[in-house]
Every structure is written in structure tokens, then in C-alpha cells.
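J.: Encoded as C-alpha cells, here's the structure I'll be asking about.
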Amino acid sequence: MTAPVPEFPAGFLWGVSASAFQIEGSLTADGRGPSSWDAFTGEQGRVKDGSRADVATDHYRRYREDVALMAELGVGAYRFSISWSRVLPDGRGPVNGRGLDFYDRLVDELCAAGITPAPTLFHWDTPLALEQEGGWLNRDTAERFAAYASVVAERLADRVPLWITVNEPAEVTLLGYGLGEHAPGRRLVFDALPAAHHQLLAHGLGVQALRAAGARSIGIAASHSPVWTAGDSDEDRAASELYDTLTNRLFADPILTGSYPAGLDSLLPGPVAEDLKTISAPLDWYGVNYYNPMLVGAPRPAAAPSAGEEPAAPAGSSFGGIEIPPDLPFDIRQIEGRELTDFGWPVVPDGLRELLATLRERYGDRLPPLYITENGCSYGDGPDPETGRIDDARRIAYHDGHVRALHRAMEEGADVRGYFIWSILDNFEWAEGYRQRFGLVHVDYETLARTPKRSFAWYRDLIKNAG
């Protein structure tokens, strides 16, 4: 028997999440322009199962059905994203009224169901016209983002109480521009750092634009992981510290302290000191996306060749389907002794508590209230052939463990106001295509039928009983 879930404070916000490109489909409907991900998925070999997101889960046409599922679930909030190129097909210029109307209808549907709309303005799908001009390597993209934020907020701010500027700028920088595993598929390694600065600047300019349009509560959704050191050598410690700097501090420090980690300023473009004043404008809250810790050590040398063989090239590493080149100054190791999700990610619930303690220690009173804006797991459980039921017990155990770890973190002093499960629906999982399933609701990609999993009922009961 599972122990009762601990009681959370009154008003704690339980939610679910999704993103536009992963669920909406209808990529050419009603004047939507193409995005960087439209182009990326159209290139052979970019998506592991060869699929595209032209239909995805058809949320663009089935949003009322999906909101009804959320109402049945009993969530207090839905974190969705707005497709920039659906609102501004070229990323700038005339507003596409039909695209903006869709989000107006979605917000109205959520409000009628008693669900708080929590839109994210940018969740990786840069308008293709802007990407072709340099995308996030181009400072102008940040200015274009602010103009887009104004357009959306002027239409929706009267009904939307919770806003997110940018989702996971670290992943766009590292996977999209650094390693080429995500759109736009650039392999710039450390020359990708301007993309980090320009996304952070877009965040700061977006905060200004949202406040000017009457938005009330604004945050960002940033990915964070505890970084564990593999080994006891000085080289291992230096490698893990560098990884922590590049994936955690590079993005949180400018927002929360108004400065970059030492030594990075010279690698970033523009008037950095002036931009930091914009980037570090006070937030109402800070969003944390957590999935697992990372175990990092120094690069491992290639195995010694046998007699007569050519020396072997240094071996890279991989994690969760992402290939890490061998020429980077760190190596990602597998965390042993932990259950793995179907994505190959280790299940470490206490890593969430550890992460929140680290953020409190690192940023002190500069850290605003927190929301866990993403936490989830991929398991491919499908319908039972006889009953049709989906018994995803591993997903229940995953979230049960993480909710308990979150409660412990709050008992230790973490000021967390809400928890969002990723995700409400199975969906198009970026470069994995349809191979990974994160949803509380199963989607049959042939018929698009929605079937709540057992985890859906578990979360519904948790929301009822956890306070």
C-alpha cells in the first residue's frame, strides 16, 4: 500500500503542461507560418522515427475535448505554449488574426472550465523567417520576441493571470545550436553562446512588454539538474563545475543576480552590462523544469590500440538519445543503480529536493517563489488488449516519489507554489518523434483517440486529497 500523500498548503497549484509544436498539428492551417522545427523535421534523419508533427495530437481542432479531460482531472492550471508563427507568420509584421483567435478561444474554454491558463510565449519553435536570418544568434530576434509578446498580451492579459516568457533556453542553446540534435540543427559548440544571451535578453524584454500590456504574474521555465561529480580527481571536479556553469548558472545567474558566471562575459555579444539590467528585472516567480541529475566527469581517453592498430579516436558519450561529442571538456556518465525511464533517464526523486536546496543556497533572498513547471517521465505502456485499460504503474511511482520529494523540500524551506506534470497528452517528442510517451492520457496516433491512463486517475485523486 502506498502511504497517504502529505498535505500541501492551501492554494497550491496542481497543473499539467504541453507545448504547441508537440500537440497542435494543423501546421499550415489558418495562416500559420513555418517554424524552425517544421524545417528541421523535414530534413531526412533528423527525427529518429522519421515522423513529422503535421497532425501531432490534433489539439488545434480537438482542444475542447482536451480541456474537458483537464476538467475531469481537476487540475488548477494548464501550461500550454503559443506558436509564435501562428500569431506572426514571419515572426514580425502583420498579426495573423485567425491564429491569435485560436488562443483566445482556448483561454476562454479554460476559464469556463475553472482552469487557470498559463501560456508560454516561446517553447523552441522559432519562426522560420527569423531562423533564416540567424535565429537566436541574431540580437534582433530578441527585439522581435518583445513585439510578439506585446501582441499576445494585449489580447489575452485580461484573462491570463500566469505568464511564462521562455522555456528552457539551455536546451535551445546546447541542443539546437551547440550540438545540432534539435532545431535548427547547428553544431557550433561554444560558438552557440550568443544564442543563450539573446534568449535571456528576449526574456527580459518580454517581461517589460508583458507588464506594459497589463500582465500580472510573470516567470520563466528554466531547466535545472543537480550535477554530480564522477570520480575524485581535480579534472573530474573541474569538468562537473564547467557543466554546472553551462547548463545551470549560465541561465539562472543573469536572471537572479544580474551577472554572468566569471569568465563568460567575454564570450557573449552586445553591451552585456547594459543587457543584464534588462535580463535581471524582478520576476514574480521562477519556474524549474526537473527530470534527473547529471553525472559528469573529465573526458575519458581512448582505449590503447593493440599492436599494429591505428590509435582510436576519443570516445564520446550519450545520454537520453543525445550524442555528446568527444571533443568537449566533460563527459556524461550513466548513473548506476537507478531505474531508467524508457528515454534512458535515471529516476531520482530526491534530486528534486537536492536541486531546490541548491537553488536556495546559491541565490538566497534573490530567489523568488518557485513553480515546478515540468516534471515527467516517458513510459510506453499501451492499452491492455482485452480491457483497453492502461496500467502505467511506473509513471505513478515516478510522480508519487517526486511529489513526496517536493514536499520534503518545502518542509526544509523551499517556497514552491505549484507543480505541473509533463505532460497531459502523449505527443510528438521532438527528435524522438512518437517513440516516447510522457502523457497522463494515451493518444492512439492512428485514430487520435484519447484514453486516460491509470496515472490520470492517480493524479486526480492526489489533487483531491493533497490539500
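We label chains A, B, ... in the order they appear in the C-alpha cells, count residues from 1 in each chain, and number ligands from 1 in the order shown.
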Would you list the contacts of Asn167 in chain A as an NGL selection string, taking every protein, DNA or RNA residue within 8 Å and counting only C-alpha atoms, but skipping same-chain residues closer than 5 positions in sequence?
T.: :A and (120 or 122-124 or 220-222)
J.: Please list as a tab-separated table (two decimals) with N, CA and C atoms, in the first residue's frame every residue within 10 Å of Asp140 in chain A, counting only C-alpha atoms and excluding residues in the same chain fewer than 6 positions away.
T.:
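Once written, result_5.tsv looks like this:
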```tsv
chain	number	residue	atom	x	y	z
A	130	LEU	N	12.69	34.17	-39.14
A	130	LEU	CA	13.70	34.70	-38.23
A	130	LEU	C	14.89	33.76	-38.12
A	133	GLU	N	17.38	34.22	-40.70
A	133	GLU	CA	18.19	35.44	-40.54
A	133	GLU	C	19.17	35.32	-39.38
A	134	GLY	N	19.34	34.11	-38.87
A	134	GLY	CA	20.28	33.89	-37.78
A	134	GLY	C	19.64	33.37	-36.51
A	198	HIS	N	20.96	35.97	-26.18
A	198	HIS	CA	19.83	36.61	-26.86
A	198	HIS	C	18.49	36.06	-26.37
A	202	ALA	N	15.73	38.32	-24.68
A	202	ALA	CA	14.32	38.22	-25.08
A	202	ALA	C	13.43	38.06	-23.86
```
J.: Can you build me a table of range 100-214 of chain A residues sitting at most 9 Å from range 48-69 of chain A, with the closest atom pair per residue and its distance in Å to one decimal, using only C-alpha atoms, sorted by chain and residue number, as a tab-separated table?
T.:
```
residue	atom	partner	partner_atom	distance
A:Phe102	CA	A:Tyr60	CA	7.8
A:Leu106	CA	A:Tyr63	CA	7.0
A:Glu109	CA	A:Arg64	CA	7.0
A:Leu110	CA	A:Val67	CA	6.5
A:Ala113	CA	A:Val67	CA	7.6
A:Ile115	CA	A:Val67	CA	8.6
```
J.: Selected residues, C-alpha atoms, written as a short mmCIF file (atom, residue, chain, number, x, y, z; two decimals), in the first residue's frame, please.
T.:
```
data_model
loop_
_atom_site.label_atom_id
_atom_site.label_comp_id
_atom_site.auth_asym_id
_atom_site.auth_seq_id
_atom_site.Cartn_x
_atom_site.Cartn_y
_atom_site.Cartn_z
CA PHE A 102 -7.36 30.16 -31.59
CA LEU A 106 -8.55 28.20 -25.82
CA GLU A 109 -12.52 27.41 -22.79
CA LEU A 110 -10.06 27.04 -19.91
CA ALA A 113 -13.77 25.13 -17.00
CA ILE A 115 -8.67 26.13 -15.16
#
```
J.: Here is a test: counting only C-alpha atoms, which residue of A:Glu72, A:Glu446, A:Glu339, A:Asp244 is nearest to Arg395 in chain A?
T.: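 The shortest atom-to-atom distance to Arg395 in chain A comes from A:Glu339.
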J.: Going by DSSP on the backbone, which bits of range 123-278 of chain A are helix (DSSP H, G or I)? Write them as a VMD selection string, please.
T.: chain A and resid 128 to 131 135 to 137 140 to 156 169 to 178 189 to 212 234 to 257 265 to 267 272 to 278
J.: Going by DSSP on the backbone, which residues of range 72-239 of chain A come out as strand (DSSP E)? List them as JSON, numbers by chain.
T.: {"A": [77, 78, 79, 80, 81, 116, 117, 118, 119, 120, 121, 122, 163, 164, 165, 166, 167, 218, 219, 220, 221, 222, 223, 227, 228, 229]}
J.: Take the residues just selected and output them with N, CA and C atoms as an mmCIF file, in the first residue's frame.
T.:
```
data_model
loop_
_atom_site.group_PDB
_atom_site.id
_atom_site.type_symbol
_atom_site.label_atom_id
_atom_site.label_comp_id
_atom_site.auth_asym_id
_atom_site.auth_seq_id
_atom_site.Cartn_x
_atom_site.Cartn_y
_atom_site.Cartn_z
ATOM 1 N N ALA A 77 -4.497 24.419 -13.265
ATOM 2 C CA ALA A 77 -3.858 25.231 -14.301
ATOM 3 C C ALA A 77 -3.395 24.351 -15.452
ATOM 4 N N TYR A 78 -3.367 24.947 -16.627
ATOM 5 C CA TYR A 78 -2.841 24.301 -17.832
ATOM 6 C C TYR A 78 -1.742 25.179 -18.397
ATOM 7 N N ARG A 79 -0.541 24.636 -18.410
ATOM 8 C CA ARG A 79 0.593 25.334 -19.018
ATOM 9 C C ARG A 79 0.726 24.875 -20.465
ATOM 10 N N PHE A 80 0.389 25.762 -21.391
ATOM 11 C CA PHE A 80 0.495 25.488 -22.817
ATOM 12 C C PHE A 80 1.452 26.498 -23.428
ATOM 13 N N SER A 81 1.795 26.316 -24.687
ATOM 14 C CA SER A 81 2.606 27.350 -25.335
ATOM 15 C C SER A 81 1.867 27.896 -26.546
ATOM 16 N N THR A 116 -6.830 27.664 -14.734
ATOM 17 C CA THR A 116 -6.003 28.843 -14.981
ATOM 18 C C THR A 116 -5.161 28.659 -16.234
ATOM 19 N N PRO A 117 -5.271 29.553 -17.224
ATOM 20 C CA PRO A 117 -4.392 29.480 -18.385
ATOM 21 C C PRO A 117 -2.995 29.992 -18.005
ATOM 22 N N ALA A 118 -1.968 29.243 -18.381
ATOM 23 C CA ALA A 118 -0.587 29.635 -18.090
ATOM 24 C C ALA A 118 0.237 29.498 -19.362
ATOM 25 N N PRO A 119 0.148 30.483 -20.264
ATOM 26 C CA PRO A 119 0.835 30.352 -21.546
ATOM 27 C C PRO A 119 2.339 30.613 -21.464
ATOM 28 N N THR A 120 3.077 29.847 -22.262
ATOM 29 C CA THR A 120 4.495 30.075 -22.511
ATOM 30 C C THR A 120 4.613 30.715 -23.884
ATOM 31 N N LEU A 121 5.329 31.809 -23.987
ATOM 32 C CA LEU A 121 5.394 32.527 -25.259
ATOM 33 C C LEU A 121 6.374 31.905 -26.244
ATOM 34 N N PHE A 122 7.434 31.280 -25.754
ATOM 35 C CA PHE A 122 8.377 30.630 -26.667
ATOM 36 C C PHE A 122 8.773 29.271 -26.106
ATOM 37 N N TRP A 163 2.046 34.017 -16.583
ATOM 38 C CA TRP A 163 2.746 34.089 -17.869
ATOM 39 C C TRP A 163 4.153 33.523 -17.755
ATOM 40 N N ILE A 164 4.592 32.857 -18.821
ATOM 41 C CA ILE A 164 5.958 32.345 -18.931
ATOM 42 C C ILE A 164 6.554 32.907 -20.214
ATOM 43 N N THR A 165 7.718 33.510 -20.104
ATOM 44 C CA THR A 165 8.338 34.102 -21.288
ATOM 45 C C THR A 165 8.937 33.037 -22.191
ATOM 46 N N VAL A 166 9.941 32.325 -21.690
ATOM 47 C CA VAL A 166 10.755 31.426 -22.499
ATOM 48 C C VAL A 166 10.865 30.086 -21.787
ATOM 49 N N ASN A 167 10.815 29.015 -22.544
ATOM 50 C CA ASN A 167 11.006 27.674 -21.983
ATOM 51 C C ASN A 167 12.399 27.145 -22.304
ATOM 52 N N ILE A 218 4.537 36.976 -13.749
ATOM 53 C CA ILE A 218 5.413 36.590 -14.856
ATOM 54 C C ILE A 218 6.605 35.803 -14.325
ATOM 55 N N GLY A 219 6.941 34.737 -15.052
ATOM 56 C CA GLY A 219 8.119 33.954 -14.725
ATOM 57 C C GLY A 219 8.757 33.393 -15.977
ATOM 58 N N ILE A 220 9.693 32.486 -15.787
ATOM 59 C CA ILE A 220 10.372 31.780 -16.865
ATOM 60 C C ILE A 220 10.379 30.308 -16.490
ATOM 61 N N ALA A 221 10.480 29.421 -17.469
ATOM 62 C CA ALA A 221 10.589 27.977 -17.207
ATOM 63 C C ALA A 221 11.991 27.538 -17.598
ATOM 64 N N ALA A 222 12.849 27.342 -16.610
ATOM 65 C CA ALA A 222 14.257 27.026 -16.848
ATOM 66 C C ALA A 222 14.541 25.588 -16.427
ATOM 67 N N SER A 223 15.283 24.878 -17.253
ATOM 68 C CA SER A 223 15.665 23.510 -16.900
ATOM 69 C C SER A 223 16.834 23.541 -15.928
ATOM 70 N N VAL A 227 24.185 18.512 -10.522
ATOM 71 C CA VAL A 227 25.337 17.962 -11.254
ATOM 72 C C VAL A 227 26.226 17.242 -10.257
ATOM 73 N N TRP A 228 26.354 15.939 -10.442
ATOM 74 C CA TRP A 228 27.166 15.103 -9.575
ATOM 75 C C TRP A 228 28.515 14.853 -10.243
ATOM 76 N N THR A 229 29.569 14.824 -9.447
ATOM 77 C CA THR A 229 30.912 14.607 -9.978
ATOM 78 C C THR A 229 31.231 13.125 -10.019
#
```
J.: List as a VMD selection string the protein and nucleic acid residues near range 188-195 of chain A, meaning an atom at most 12 Å away when only C-alpha atoms are counted, but skip any in the same chain fewer than 2 places from it.
T.: chain A and resid 131 134 to 142 169 to 181 184 to 186 197 to 202 246 to 247 250 to 251 260 264 to 270 272 324 to 329
J.: Might you pull out every residue within 9 Å of Phe8 in chain A, with only C-alpha atoms counted and same-chain residues fewer than 5 positions away left off, and present them as a ChimeraX atom specification?
T.: /A:407,466-467
J.: Create the file for the chosen residues now, containing C-alpha atoms and written as an mmCIF file, in the first residue's frame.
T.:
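Result file is result_38.cif:
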```cif
data_model
loop_
_atom_site.group_PDB
_atom_site.id
_atom_site.type_symbol
_atom_site.label_atom_id
_atom_site.label_comp_id
_atom_site.auth_asym_id
_atom_site.auth_seq_id
_atom_site.Cartn_x
_atom_site.Cartn_y
_atom_site.Cartn_z
ATOM 1 C CA HIS A 407 7.024 18.117 -0.006
ATOM 2 C CA ALA A 466 -3.337 16.698 -1.041
ATOM 3 C CA GLY A 467 -4.874 19.913 0.210
#
```
J.: Using only C-alpha atoms, what does the table of range 236-313 of chain A residues within 10 Å of range 376-394 of chain A look like, with each row giving the shortest atom pair and its distance in Å to one decimal, sorted by chain and ascending number, as a Markdown table?
T.:
```
| residue | atom | partner | partner_atom | distance |
| --- | --- | --- | --- | --- |
| A:Asn289 | CA | A:Gly376 | CA | 9.3 |
| A:Tyr290 | CA | A:Gly376 | CA | 8.1 |
| A:Tyr291 | CA | A:Gly376 | CA | 6.6 |
| A:Asn292 | CA | A:Gly376 | CA | 9.8 |
```
J.: Measuring atom to atom with only C-alpha atoms, identify which of A:Ser240, A:Thr373, A:Ser259, A:Thr245 is nearest to Trp285 in chain A.
T.: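 The answer is A:Thr373, which sits nearest to Trp285 in chain A.
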J.: Find the residues around Arg237 in chain A up to 12 Å (only C-alpha atoms counted), leave out those fewer than 2 positions away in its own chain, and share them as a list of chain:residue names.
T.: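 After dropping sequence-adjacent residues, the list is A:Val227, A:Trp228, A:Thr229, A:Ala230, A:Gly231, A:Asp232, A:Ser233, A:Asp234, A:Glu235, A:Ala239, A:Ser240, A:Glu241, A:Leu242, A:Tyr243, A:Asp244, A:Leu295, A:Val296, A:Gly297, A:Ala298, A:Pro299, A:Pro329, A:Phe330, A:Asp331.
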J.: With a distance cut-off of 9 Å and only C-alpha atoms, select the neighbouring residues of Ile463 in chain A, excluding the residue or stretch itself and same-chain residues fewer than 5 positions from it, and output the selection as a list of chain:residue names.
T.: A:Trp14, A:Leu73, A:Gly74, A:Val75, A:Gly76, A:Trp458
J.: Under the rule that only C-alpha atoms are counted, which of A:Pro282, A:Gly258, A:Ala431, A:Glu361 is the nearest residue to Gln44 in chain A?
T.: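 Answer, going by the shortest atom-to-atom distance: A:Ala431.
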J.: Excluding Ser423 in chain A and its own-chain neighbours fewer than 6 positions away, which residues fall within 7 Å of it when counting only C-alpha atoms? Please give them as a list in words.
T.: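 Once the nearby chain positions are removed, what remains is Val16, Ser17, Ala18, Gly376, Phe438, Gly439 and Leu440 of chain A.
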J.: Just how far from CA of Leu352 in chain A is CA of Gln22 in chain A, in Å to one decimal?
T.: 25.2 Å
